[in-house]
file start-v3.cif (mmCIF, C-alpha atoms)
data_protein
#
loop_
_atom_site.label_atom_id
_atom_site.label_comp_id
_atom_site.auth_asym_id
_atom_site.auth_seq_id
_atom_site.Cartn_x
_atom_site.Cartn_y
_atom_site.Cartn_z
CA MET A 1 -58.15 -25.52 -53.60
CA VAL A 2 -55.35 -24.54 -51.22
CA ALA A 3 -52.97 -21.80 -52.39
CA ALA A 4 -49.37 -22.95 -52.69
CA ALA A 5 -47.10 -21.65 -49.99
CA PRO A 6 -44.57 -19.06 -51.18
CA ALA A 7 -41.07 -20.39 -51.82
CA GLU A 8 -38.56 -19.92 -49.01
CA GLY A 9 -37.46 -16.27 -48.81
CA GLN A 10 -39.85 -15.13 -51.54
CA VAL A 11 -42.20 -12.17 -51.18
CA MET A 12 -45.02 -11.44 -53.64
CA GLY A 13 -43.56 -14.04 -55.98
CA GLN A 14 -40.15 -12.35 -56.00
CA GLY A 15 -36.85 -13.14 -54.38
CA PRO A 16 -35.52 -14.86 -52.42
CA PHE A 17 -34.48 -11.87 -50.31
CA GLY A 18 -31.57 -12.49 -47.99
CA LEU A 19 -28.30 -10.89 -46.93
CA LYS A 20 -26.92 -10.87 -50.49
CA TYR A 21 -29.94 -8.93 -51.75
CA TYR A 22 -29.78 -6.34 -48.96
CA LEU A 23 -26.02 -5.85 -49.43
CA SER A 24 -26.60 -5.47 -53.17
CA GLY A 25 -29.25 -2.83 -52.46
CA ALA A 26 -26.93 -1.02 -50.05
CA LEU A 27 -24.05 -1.04 -52.54
CA ALA A 28 -26.29 0.17 -55.37
CA GLY A 29 -27.65 2.89 -53.08
CA GLY A 30 -24.18 4.03 -52.06
CA ILE A 31 -22.99 4.19 -55.66
CA CYS A 32 -26.09 5.98 -56.97
CA CYS A 33 -26.08 8.61 -54.19
CA GLY A 34 -22.31 9.16 -54.18
CA LEU A 35 -22.20 9.54 -57.97
CA THR A 36 -25.21 11.80 -58.35
CA HIS A 37 -24.51 14.09 -55.39
CA GLY A 38 -20.86 14.34 -56.42
CA ALA A 39 -21.82 15.23 -59.99
CA MET A 40 -24.21 17.90 -58.73
CA THR A 41 -21.58 19.59 -56.52
CA PRO A 42 -21.40 22.76 -58.71
CA VAL A 43 -25.18 23.20 -58.49
CA ASP A 44 -25.07 22.65 -54.74
CA VAL A 45 -22.29 25.22 -54.34
CA VAL A 46 -24.35 27.87 -56.14
CA LYS A 47 -27.54 26.92 -54.28
CA THR A 48 -25.77 27.13 -50.92
CA ARG A 49 -24.19 30.51 -51.76
CA ILE A 50 -27.61 31.91 -52.71
CA GLN A 51 -29.04 30.68 -49.41
CA LEU A 52 -26.14 32.01 -47.33
CA ASP A 53 -25.69 35.40 -49.02
CA PRO A 54 -28.76 36.33 -51.11
CA VAL A 55 -27.73 39.99 -51.21
CA LYS A 56 -24.47 39.21 -53.01
CA TYR A 57 -25.76 36.29 -55.09
CA ASN A 58 -28.85 38.01 -56.46
CA GLN A 59 -28.55 37.24 -60.18
CA GLY A 60 -30.42 33.94 -60.18
CA PHE A 61 -29.22 30.40 -60.71
CA ILE A 62 -27.22 30.89 -63.94
CA GLY A 63 -25.90 34.22 -62.72
CA GLY A 64 -24.73 32.53 -59.54
CA PHE A 65 -22.52 30.18 -61.56
CA LYS A 66 -20.94 33.15 -63.32
CA GLN A 67 -20.44 35.03 -60.04
CA VAL A 68 -18.71 32.15 -58.27
CA ALA A 69 -16.52 31.21 -61.26
CA GLY A 70 -15.70 34.85 -62.02
CA ALA A 71 -14.67 35.74 -58.47
CA GLU A 72 -12.94 32.51 -57.40
CA GLY A 73 -12.26 30.52 -60.55
CA ALA A 74 -14.09 27.53 -62.00
CA GLY A 75 -12.48 25.25 -59.41
CA ALA A 76 -14.58 26.90 -56.69
CA LEU A 77 -17.63 25.16 -58.15
CA LEU A 78 -16.16 21.85 -56.95
CA THR A 79 -15.72 23.02 -53.34
CA GLY A 80 -16.81 20.26 -50.96
CA LEU A 81 -16.71 17.51 -53.62
CA MET A 82 -14.91 15.00 -51.37
CA PRO A 83 -17.19 15.24 -48.30
CA THR A 84 -20.20 15.30 -50.62
CA ALA A 85 -19.26 12.13 -52.51
CA GLN A 86 -18.10 10.24 -49.41
CA GLY A 87 -20.95 11.37 -47.17
CA TYR A 88 -23.64 10.54 -49.66
CA PHE A 89 -22.13 7.17 -50.53
CA ILE A 90 -22.50 6.23 -46.85
CA GLN A 91 -25.94 7.84 -46.66
CA GLY A 92 -27.09 6.04 -49.83
CA TRP A 93 -25.80 2.72 -48.47
CA PHE A 94 -28.06 2.97 -45.42
CA LYS A 95 -30.95 4.78 -47.15
CA PHE A 96 -31.55 2.59 -50.20
CA GLY A 97 -30.39 -0.57 -48.45
CA GLY A 98 -32.56 0.29 -45.46
CA VAL A 99 -35.66 1.00 -47.53
CA GLU A 100 -35.35 -2.36 -49.28
CA PHE A 101 -34.79 -4.12 -45.94
CA PHE A 102 -37.69 -2.46 -44.14
CA LYS A 103 -40.31 -2.64 -46.90
CA ILE A 104 -39.64 -6.35 -47.57
CA ASN A 105 -39.59 -7.28 -43.89
CA ILE A 106 -42.72 -5.24 -43.12
CA THR A 107 -44.46 -7.03 -46.00
CA GLN A 108 -43.43 -10.40 -44.60
CA ALA A 109 -44.55 -9.40 -41.10
CA ILE A 110 -48.06 -8.16 -41.97
CA GLY A 111 -48.86 -10.37 -44.96
CA GLU A 112 -48.82 -9.70 -48.69
CA GLN A 113 -52.40 -8.54 -49.18
CA LYS A 114 -52.29 -6.14 -46.25
CA ALA A 115 -48.93 -4.86 -47.47
CA TRP A 116 -50.35 -4.22 -50.96
CA ASP A 117 -53.32 -2.37 -49.52
CA ASN A 118 -51.01 -0.23 -47.38
CA ARG A 119 -48.01 0.07 -49.68
CA GLN A 120 -47.83 3.89 -49.52
CA GLN A 121 -47.68 3.77 -45.72
CA ILE A 122 -44.94 1.13 -45.98
CA TYR A 123 -42.94 3.35 -48.35
CA LEU A 124 -43.30 6.26 -45.90
CA LEU A 125 -42.39 4.27 -42.79
CA SER A 126 -39.51 2.37 -44.42
CA SER A 127 -37.94 5.51 -45.87
CA ALA A 128 -38.29 7.45 -42.60
CA MET A 129 -36.55 4.73 -40.58
CA ALA A 130 -33.81 4.21 -43.16
CA GLU A 131 -33.15 7.94 -43.49
CA PHE A 132 -32.88 8.48 -39.73
CA ILE A 133 -30.12 5.86 -39.56
CA ALA A 134 -28.41 7.26 -42.66
CA ASP A 135 -28.40 10.82 -41.30
CA ILE A 136 -26.39 9.82 -38.24
CA PHE A 137 -23.54 9.04 -40.65
CA LEU A 138 -24.22 11.86 -43.13
CA CYS A 139 -24.34 14.78 -40.69
CA PRO A 140 -20.55 15.17 -40.08
CA TYR A 141 -19.86 15.19 -43.81
CA GLU A 142 -22.56 17.80 -44.43
CA ALA A 143 -21.13 19.98 -41.66
CA CYS A 144 -17.71 19.93 -43.37
CA ARG A 145 -19.20 20.53 -46.81
CA ILE A 146 -21.22 23.56 -45.73
CA ARG A 147 -18.29 25.08 -43.84
CA LEU A 148 -16.00 24.68 -46.87
CA VAL A 149 -18.58 26.11 -49.27
CA SER A 150 -19.41 29.07 -47.01
CA ASP A 151 -15.70 29.80 -46.32
CA PRO A 152 -13.34 28.19 -48.86
CA SER A 153 -10.31 29.59 -47.01
CA TYR A 154 -11.30 27.81 -43.77
CA ALA A 155 -9.32 24.65 -44.55
CA SER A 156 -7.45 22.97 -47.40
CA GLY A 157 -9.66 19.90 -47.47
CA MET A 158 -12.10 17.70 -45.61
CA GLY A 159 -9.59 16.25 -43.12
CA ALA A 160 -8.20 19.65 -42.21
CA CYS A 161 -11.71 21.06 -41.99
CA ALA A 162 -12.86 18.31 -39.62
CA SER A 163 -9.81 18.73 -37.40
CA ARG A 164 -10.20 22.50 -37.13
CA MET A 165 -13.95 22.33 -36.48
CA THR A 166 -13.41 19.74 -33.73
CA ALA A 167 -10.74 21.87 -32.09
CA GLU A 168 -12.91 24.99 -32.19
CA MET A 169 -16.34 23.57 -31.31
CA GLY A 170 -15.90 20.06 -29.93
CA PHE A 171 -17.16 16.90 -31.63
CA VAL A 172 -20.91 17.39 -31.14
CA GLY A 173 -20.86 21.13 -31.78
CA ALA A 174 -18.78 20.69 -34.91
CA PHE A 175 -20.57 17.78 -36.54
CA TYR A 176 -24.07 17.53 -35.05
CA SER A 177 -25.25 21.13 -34.55
CA GLY A 178 -27.14 20.63 -37.80
CA PHE A 179 -28.57 17.21 -36.91
CA VAL A 180 -32.10 18.46 -36.15
CA PRO A 181 -32.42 20.48 -39.39
CA ILE A 182 -30.88 17.64 -41.40
CA LEU A 183 -33.55 15.31 -39.99
CA PHE A 184 -36.29 17.83 -40.84
CA LYS A 185 -34.79 18.19 -44.31
CA GLN A 186 -33.88 14.61 -45.18
CA ILE A 187 -36.69 12.57 -43.61
CA PRO A 188 -39.61 14.42 -45.31
CA TYR A 189 -37.54 14.56 -48.51
CA THR A 190 -36.84 10.82 -48.47
CA MET A 191 -40.40 9.91 -47.50
CA ALA A 192 -41.74 11.98 -50.40
CA LYS A 193 -39.04 10.70 -52.76
CA PHE A 194 -39.78 7.00 -52.29
CA ALA A 195 -43.55 7.29 -51.88
CA VAL A 196 -44.03 9.61 -54.89
CA GLN A 197 -41.59 7.64 -57.04
CA GLY A 198 -43.38 4.41 -56.19
CA LYS A 199 -46.78 5.91 -56.98
CA ALA A 200 -45.57 7.60 -60.17
CA ALA A 201 -43.93 4.40 -61.42
CA GLU A 202 -47.10 2.49 -60.64
CA GLN A 203 -49.14 4.98 -62.68
CA ILE A 204 -46.70 4.79 -65.60
CA TYR A 205 -46.87 0.98 -65.64
CA ALA A 206 -50.69 1.11 -65.43
CA ALA A 207 -50.91 3.64 -68.27
CA SER A 208 -48.72 1.42 -70.46
CA GLY A 209 -50.74 -1.67 -69.56
CA SER A 210 -47.68 -3.46 -68.26
CA ASP A 211 -45.68 -4.16 -65.11
CA PRO A 212 -41.98 -4.48 -64.20
CA SER A 213 -41.89 -8.23 -64.83
CA LYS A 214 -43.11 -7.76 -68.43
CA MET A 215 -40.77 -4.89 -69.35
CA SER A 216 -37.13 -5.04 -70.40
CA LYS A 217 -34.36 -3.74 -68.15
CA GLY A 218 -34.05 -0.66 -70.34
CA GLN A 219 -37.77 0.08 -70.16
CA ASN A 220 -37.79 -0.31 -66.38
CA ILE A 221 -34.84 2.10 -66.11
CA CYS A 222 -36.77 4.64 -68.21
CA VAL A 223 -39.74 4.31 -65.85
CA SER A 224 -37.39 4.86 -62.89
CA LEU A 225 -35.94 7.99 -64.52
CA ALA A 226 -39.32 9.51 -65.36
CA SER A 227 -40.87 8.78 -61.97
CA GLY A 228 -37.67 9.98 -60.28
CA VAL A 229 -37.96 13.44 -61.82
CA VAL A 230 -41.51 13.84 -60.49
CA ALA A 231 -40.50 12.56 -57.06
CA GLY A 232 -37.42 14.77 -56.90
CA VAL A 233 -39.20 18.04 -57.62
CA ILE A 234 -41.98 17.36 -55.09
CA ALA A 235 -39.47 16.22 -52.45
CA ALA A 236 -37.32 19.31 -53.04
CA ILE A 237 -40.24 21.68 -52.44
CA ILE A 238 -41.31 19.85 -49.27
CA SER A 239 -37.84 19.80 -47.71
CA HIS A 240 -36.51 23.20 -48.86
CA PRO A 241 -37.17 25.26 -45.68
CA ALA A 242 -35.14 22.80 -43.60
CA ASP A 243 -32.41 22.75 -46.26
CA SER A 244 -32.18 26.54 -46.00
CA LEU A 245 -31.85 26.33 -42.21
CA LEU A 246 -29.18 23.64 -42.51
CA SER A 247 -27.14 25.75 -44.94
CA LYS A 248 -27.38 28.82 -42.73
CA ILE A 249 -26.51 27.12 -39.42
CA GLY A 250 -23.34 25.75 -41.01
CA LYS A 251 -22.07 29.31 -41.57
CA ALA A 252 -19.78 30.59 -38.83
CA GLY A 253 -21.62 32.83 -36.32
CA ALA A 254 -25.06 32.24 -37.79
CA GLY A 255 -27.88 32.53 -35.24
CA GLY A 256 -25.68 33.73 -32.39
CA THR A 257 -23.84 31.65 -29.80
CA GLY A 258 -26.62 29.96 -27.82
CA SER A 259 -27.93 26.42 -27.99
CA MET A 260 -28.65 24.73 -31.32
CA MET A 261 -32.41 25.28 -30.99
CA SER A 262 -32.00 28.97 -30.07
CA ARG A 263 -29.68 29.45 -33.06
CA LEU A 264 -32.20 27.77 -35.38
CA THR A 265 -34.99 29.97 -33.98
CA ASN A 266 -32.90 33.11 -34.47
CA ILE A 267 -32.03 32.17 -38.06
CA ALA A 268 -35.68 31.39 -38.91
CA THR A 269 -36.84 34.68 -37.39
CA GLU A 270 -34.15 36.73 -39.14
CA THR A 271 -34.72 35.09 -42.51
CA GLY A 272 -38.53 34.88 -42.52
CA PHE A 273 -40.70 31.93 -43.56
CA MET A 274 -41.18 32.95 -47.20
CA LYS A 275 -37.45 33.37 -47.80
CA LEU A 276 -36.73 30.03 -46.13
CA CYS A 277 -39.19 28.45 -48.58
CA THR A 278 -38.05 30.25 -51.72
CA GLN A 279 -34.37 31.29 -51.56
CA GLY A 280 -32.49 28.93 -53.86
CA LEU A 281 -35.63 26.85 -54.54
CA GLY A 282 -35.30 26.98 -58.34
CA ALA A 283 -31.71 25.73 -58.21
CA ARG A 284 -32.68 23.03 -55.74
CA CYS A 285 -35.59 21.78 -57.88
CA VAL A 286 -33.24 21.47 -60.86
CA MET A 287 -30.64 19.77 -58.70
CA ILE A 288 -32.94 17.38 -56.83
CA GLY A 289 -35.13 16.54 -59.83
CA THR A 290 -32.07 15.57 -61.87
CA LEU A 291 -30.36 13.92 -58.92
CA THR A 292 -33.35 11.81 -57.89
CA ALA A 293 -33.99 10.58 -61.43
CA GLY A 294 -30.32 9.69 -61.70
CA GLN A 295 -30.35 7.86 -58.37
CA PHE A 296 -33.24 5.58 -59.26
CA GLY A 297 -31.78 4.96 -62.72
CA VAL A 298 -28.27 4.15 -61.45
CA PHE A 299 -29.73 2.04 -58.62
CA ASP A 300 -31.54 -0.17 -61.13
CA ILE A 301 -28.44 -0.43 -63.35
CA VAL A 302 -26.15 -1.44 -60.48
CA MET A 303 -28.70 -3.92 -59.12
CA GLY A 304 -28.80 -5.53 -62.55
CA MET A 305 -24.99 -5.61 -62.72
CA VAL A 306 -24.72 -7.50 -59.42
CA GLY A 307 -27.48 -9.92 -60.42
CA ALA A 308 -30.20 -8.63 -58.09
CA LYS A 309 -33.76 -7.83 -59.13
CA LYS A 310 -35.44 -4.94 -57.31
CA PHE A 311 -38.49 -5.74 -55.22
CA HIS A 312 -41.78 -4.25 -56.47
CA PHE A 313 -45.16 -4.29 -54.79
CA HIS A 314 -47.70 -6.47 -56.61
CA ASP A 315 -51.37 -7.12 -55.93
CA PRO A 316 -51.43 -10.76 -54.73
CA LYS A 317 -54.95 -11.13 -56.15
CA GLY A 318 -53.68 -10.29 -59.62
CA HIS A 319 -50.93 -12.91 -59.70
#

call {"tool": "encode", "arguments": {"input": "start-v3.cif", "output": "structure tokens"}}
result
Amino acid sequence: MVAAAPAEGQVMGQGPFGLKYYLSGALAGGICCGLTHGAMTPVDVVKTRIQLDPVKYNQGFIGGFKQVAGAEGAGALLTGLMPTAQGYFIQGWFKFGGVEFFKINITQAIGEQKAWDNRQQIYLLSSAMAEFIADIFLCPYEACRIRLVSDPSYASGMGACASRMTAEMGFVGAFYSGFVPILFKQIPYTMAKFAVQGKAAEQIYAASGSDPSKMSKGQNICVSLASGVVAGVIAAIISHPADSLLSKIGKAGAGGTGSMMSRLTNIATETGFMKLCTQGLGARCVMIGTLTAGQFGVFDIVMGMVGAKKFHFHDPKGH
């Protein structure tokens, strides 16, 4: 018996996967990241304040909310909302769209059985490549967000903030001084997020004796939410030291006036490894756990709305 050749554009019995699918994945990724990061702006404001000024903001996560709102008004909790929502829409476009593109094309390139046997490595490689591309576009928005959160009086909004930063520091100094820490933060975070979520979802399906093709849309979304929480917390812990560095280097004068690497070294030395790993970690686990679950849930919903069905790894021997 000769196995039937897969239909044109199909991978592991799914698809076809072409430009429409990848654009659908990019759109769903932009929406899910822009929405979730925008909604979590108040948590991010408090987390960033704790990282930047732990002496002042020393009353914990809930206390931090009260301190910020009490001193500056509730509106201060929405500082940086615009650059956050816009920046992460663009980042999500390239990240989620890129992961779908790379994992499907790697599977086609190496063969389905080899891809199944090495699916965790494919998750890791695909997410690393997609995140690197996404961070090129995200970094300027993050620079503006951190400056506005650390000094709300610096500018009236994102446009004014970008103009002033460019005038004071030049384009690269203003928008890409945090590029190295953002890579160290985002790439491990994204690699852990997609690999852990994929593994957790796989375990949930196995425990229920089912798979995505046998479950309803609602059940698959629930699996995405549950696995997303697990992935988010683990990814937050892994990437937190770099997130702390990124928050601190965005503060005016932090680390001195030397090169980017010398400033990062000075900040790490002044802060200490344990504080880099733990300051604001509780708030970030809450934020990233919720955010990641929301992202995978919204991604699945939007994909369904545009008529696309998300690619899942399957064992070719079992189908």

call {"tool": "axis_aligned_box", "arguments": {"input": "start-v3.cif", "around": "stretch 92-101 of chain A", "padding_each_side": "3 Å", "output": "lines of an AutoDock Vina configuration file"}}
result
center_x = -30.7
center_y = 1.0
center_z = -47.8
size_x = 15.9
size_y = 16.2
size_z = 10.8

call {"tool": "atom_distance", "arguments": {"input": "start-v3.cif", "atom1": "atom CA of A:Leu77", "atom2": "atom CA of A:Thr41"}}
result
7.0 Å

call {"tool": "residues_around", "arguments": {"input": "start-v3.cif", "residues": "A:Ala26", "least_positions_apart": "6", "cutoff": "8 Å", "atoms": "all atoms listed in the file", "output": "list in words"}}
result
Gly92, Trp93, Phe94, Lys95, Phe96, Gly97 and Gly98 of chain A

call {"tool": "resolve_selection", "arguments": {"input": "start-v3.cif", "expression": "the PyMOL selection byres ((chain A and resi 115) around 12)", "output": "VMD selection string"}}
result
chain A and resid 11 to 12 102 to 114 116 to 123 312 to 316

call {"tool": "closest_residue", "arguments": {"input": "start-v3.cif", "among": "A:Val180, A:Ala242, A:Ile133, A:Ala268", "to": "A:Leu281", "atoms": "all atoms listed in the file"}}
result
A:Ala242

call {"tool": "residues_near_point", "arguments": {"input": "start-v3.cif", "point": "(-19.1, 26.4, -42.3)", "cutoff": "12 Å", "atoms": "only C-alpha atoms", "output": "short mmCIF file (atom, residue, chain, number, x, y, z; two decimals) with C-alpha atoms, in the frame of the given file"}}
result
data_model
loop_
_atom_site.label_atom_id
_atom_site.label_comp_id
_atom_site.auth_asym_id
_atom_site.auth_seq_id
_atom_site.Cartn_x
_atom_site.Cartn_y
_atom_site.Cartn_z
CA THR A 48 -25.77 27.13 -50.92
CA ARG A 49 -24.19 30.51 -51.76
CA LEU A 52 -26.14 32.01 -47.33
CA GLY A 80 -16.81 20.26 -50.96
CA PRO A 140 -20.55 15.17 -40.08
CA TYR A 141 -19.86 15.19 -43.81
CA GLU A 142 -22.56 17.80 -44.43
CA ALA A 143 -21.13 19.98 -41.66
CA CYS A 144 -17.71 19.93 -43.37
CA ARG A 145 -19.20 20.53 -46.81
CA ILE A 146 -21.22 23.56 -45.73
CA ARG A 147 -18.29 25.08 -43.84
CA LEU A 148 -16.00 24.68 -46.87
CA VAL A 149 -18.58 26.11 -49.27
CA SER A 150 -19.41 29.07 -47.01
CA ASP A 151 -15.70 29.80 -46.32
CA PRO A 152 -13.34 28.19 -48.86
CA SER A 153 -10.31 29.59 -47.01
CA TYR A 154 -11.30 27.81 -43.77
CA ALA A 155 -9.32 24.65 -44.55
CA MET A 158 -12.10 17.70 -45.61
CA CYS A 161 -11.71 21.06 -41.99
CA ALA A 162 -12.86 18.31 -39.62
CA ARG A 164 -10.20 22.50 -37.13
CA MET A 165 -13.95 22.33 -36.48
CA GLU A 168 -12.91 24.99 -32.19
CA MET A 169 -16.34 23.57 -31.31
CA GLY A 173 -20.86 21.13 -31.78
CA ALA A 174 -18.78 20.69 -34.91
CA PHE A 175 -20.57 17.78 -36.54
CA SER A 177 -25.25 21.13 -34.55
CA GLY A 178 -27.14 20.63 -37.80
CA LEU A 246 -29.18 23.64 -42.51
CA SER A 247 -27.14 25.75 -44.94
CA LYS A 248 -27.38 28.82 -42.73
CA ILE A 249 -26.51 27.12 -39.42
CA GLY A 250 -23.34 25.75 -41.01
CA LYS A 251 -22.07 29.31 -41.57
CA ALA A 252 -19.78 30.59 -38.83
CA GLY A 253 -21.62 32.83 -36.32
CA ALA A 254 -25.06 32.24 -37.79
#

call {"tool": "atom_distance", "arguments": {"input": "start-v3.cif", "atom1": "atom CA of A:Lys193", "atom2": "atom CA of A:Gly25"}}
result
16.7 Å

call {"tool": "residues_around", "arguments": {"input": "start-v3.cif", "residues": "A:Thr278", "least_positions_apart": "5", "cutoff": "10 Å", "atoms": "only C-alpha atoms", "output": "ChimeraX atom specification"}}
result
/A:51,237,240-241,244,273,284

call {"tool": "write_last_selection", "arguments": {"input": "start-v3.cif", "atoms": "C-alpha atoms", "output": "PDB file, keeping the file's coordinate frame"}}
result
ATOM      1  CA  GLN A  51     -29.040  30.680 -49.410  1.00  0.00           C
ATOM      2  CA  ILE A 237     -40.240  21.680 -52.440  1.00  0.00           C
ATOM      3  CA  HIS A 240     -36.510  23.200 -48.860  1.00  0.00           C
ATOM      4  CA  PRO A 241     -37.170  25.260 -45.680  1.00  0.00           C
ATOM      5  CA  SER A 244     -32.180  26.540 -46.000  1.00  0.00           C
ATOM      6  CA  PHE A 273     -40.700  31.930 -43.560  1.00  0.00           C
ATOM      7  CA  ARG A 284     -32.680  23.030 -55.740  1.00  0.00           C
TER       8      ARG A 284
END

call {"tool": "residues_around", "arguments": {"input": "start-v3.cif", "residues": "A:Val196", "least_positions_apart": "4", "cutoff": "6 Å", "atoms": "all atoms listed in the file", "output": "JSON, numbers by chain"}}
result
{"A": [192, 200, 231]}

call {"tool": "closest_residue", "arguments": {"input": "start-v3.cif", "among": "A:Met82, A:Ile90, A:Val172, A:Ala134", "to": "A:Ser259", "atoms": "all atoms listed in the file"}}
result
A:Val172

call {"tool": "closest_residue", "arguments": {"input": "start-v3.cif", "among": "A:Ile221, A:Ala160, A:Ile238, A:Ala69", "to": "A:Gly294", "atoms": "all atoms listed in the file"}}
result
A:Ile221

call {"tool": "closest_atom_pairs", "arguments": {"input": "start-v3.cif", "of": "stretch 93-152 of chain A", "to": "stretch 181-184 of chain A", "cutoff": "8 Å", "atoms": "all atoms listed in the file", "output": "tab-separated table"}}
result
residue	atom	partner	partner_atom	distance
A:Phe132	CA	A:Leu183	CA	6.9
A:Asp135	CA	A:Leu183	CA	7.0
A:Cys139	CA	A:Ile182	CA	7.2

call {"tool": "write_last_selection", "arguments": {"input": "start-v3.cif", "atoms": "C-alpha atoms", "output": "short mmCIF file (atom, residue, chain, number, x, y, z; two decimals), keeping the file's coordinate frame"}}
result
data_model
loop_
_atom_site.label_atom_id
_atom_site.label_comp_id
_atom_site.auth_asym_id
_atom_site.auth_seq_id
_atom_site.Cartn_x
_atom_site.Cartn_y
_atom_site.Cartn_z
CA PHE A 132 -32.88 8.48 -39.73
CA ASP A 135 -28.40 10.82 -41.30
CA CYS A 139 -24.34 14.78 -40.69
#

call {"tool": "closest_residue", "arguments": {"input": "start-v3.cif", "among": "A:Lys47, A:Gly297, A:Thr271, A:Tyr88", "to": "A:Leu35", "atoms": "all atoms listed in the file"}}
result
A:Tyr88

call {"tool": "resolve_selection", "arguments": {"input": "start-v3.cif", "expression": "the PyMOL selection byres ((chain A and resi 24) around 8)", "output": "PyMOL selection string"}}
result
chain A and resi 20-23+25-28+97+303+306+308

call {"tool": "write_last_selection", "arguments": {"input": "start-v3.cif", "atoms": "C-alpha atoms", "output": "tab-separated table (two decimals), in the coordinates of the input"}}
result
chain	number	residue	atom	x	y	z
A	20	LYS	CA	-26.92	-10.87	-50.49
A	21	TYR	CA	-29.94	-8.93	-51.75
A	22	TYR	CA	-29.78	-6.34	-48.96
A	23	LEU	CA	-26.02	-5.85	-49.43
A	25	GLY	CA	-29.25	-2.83	-52.46
A	26	ALA	CA	-26.93	-1.02	-50.05
A	27	LEU	CA	-24.05	-1.04	-52.54
A	28	ALA	CA	-26.29	0.17	-55.37
A	97	GLY	CA	-30.39	-0.57	-48.45
A	303	MET	CA	-28.70	-3.92	-59.12
A	306	VAL	CA	-24.72	-7.50	-59.42
A	308	ALA	CA	-30.20	-8.63	-58.09

call {"tool": "closest_residue", "arguments": {"input": "start-v3.cif", "among": "A:Cys32, A:Val233, A:Leu225, A:Ala74", "to": "A:Ala283", "atoms": "all atoms listed in the file"}}
result
A:Val233

call {"tool": "atom_distance", "arguments": {"input": "start-v3.cif", "atom1": "atom CA of A:Val45", "atom2": "atom CA of A:Gln59"}}
result
14.8 Å

call {"tool": "closest_residue", "arguments": {"input": "start-v3.cif", "among": "A:Met287, A:Ile50, A:Ile267, A:Gln295", "to": "A:Phe89", "atoms": "only C-alpha atoms"}}
result
A:Gln295

call {"tool": "residues_around", "arguments": {"input": "start-v3.cif", "residues": "A:Val286", "least_positions_apart": "6", "cutoff": "12 Å", "atoms": "all atoms listed in the file", "output": "list in words"}}
result
Met40, Val43, Asp44, Val46, Lys47, Phe61, Ile62, Val229, Val230, Gly232, Val233, Ile234, Ala235, Ala236, Ile237, Gly280, Thr292 and Ala293 of chain A

call {"tool": "residues_around", "arguments": {"input": "start-v3.cif", "residues": "A:Gln203", "least_positions_apart": "5", "cutoff": "12 Å", "atoms": "all atoms listed in the file", "output": "list in words"}}
result
Val196, Gln197, Gly198, Ser208, Gly209, Ser210, Asp211, Pro212, Val223, Ser224, Ala226, Ser227 and Val230 of chain A
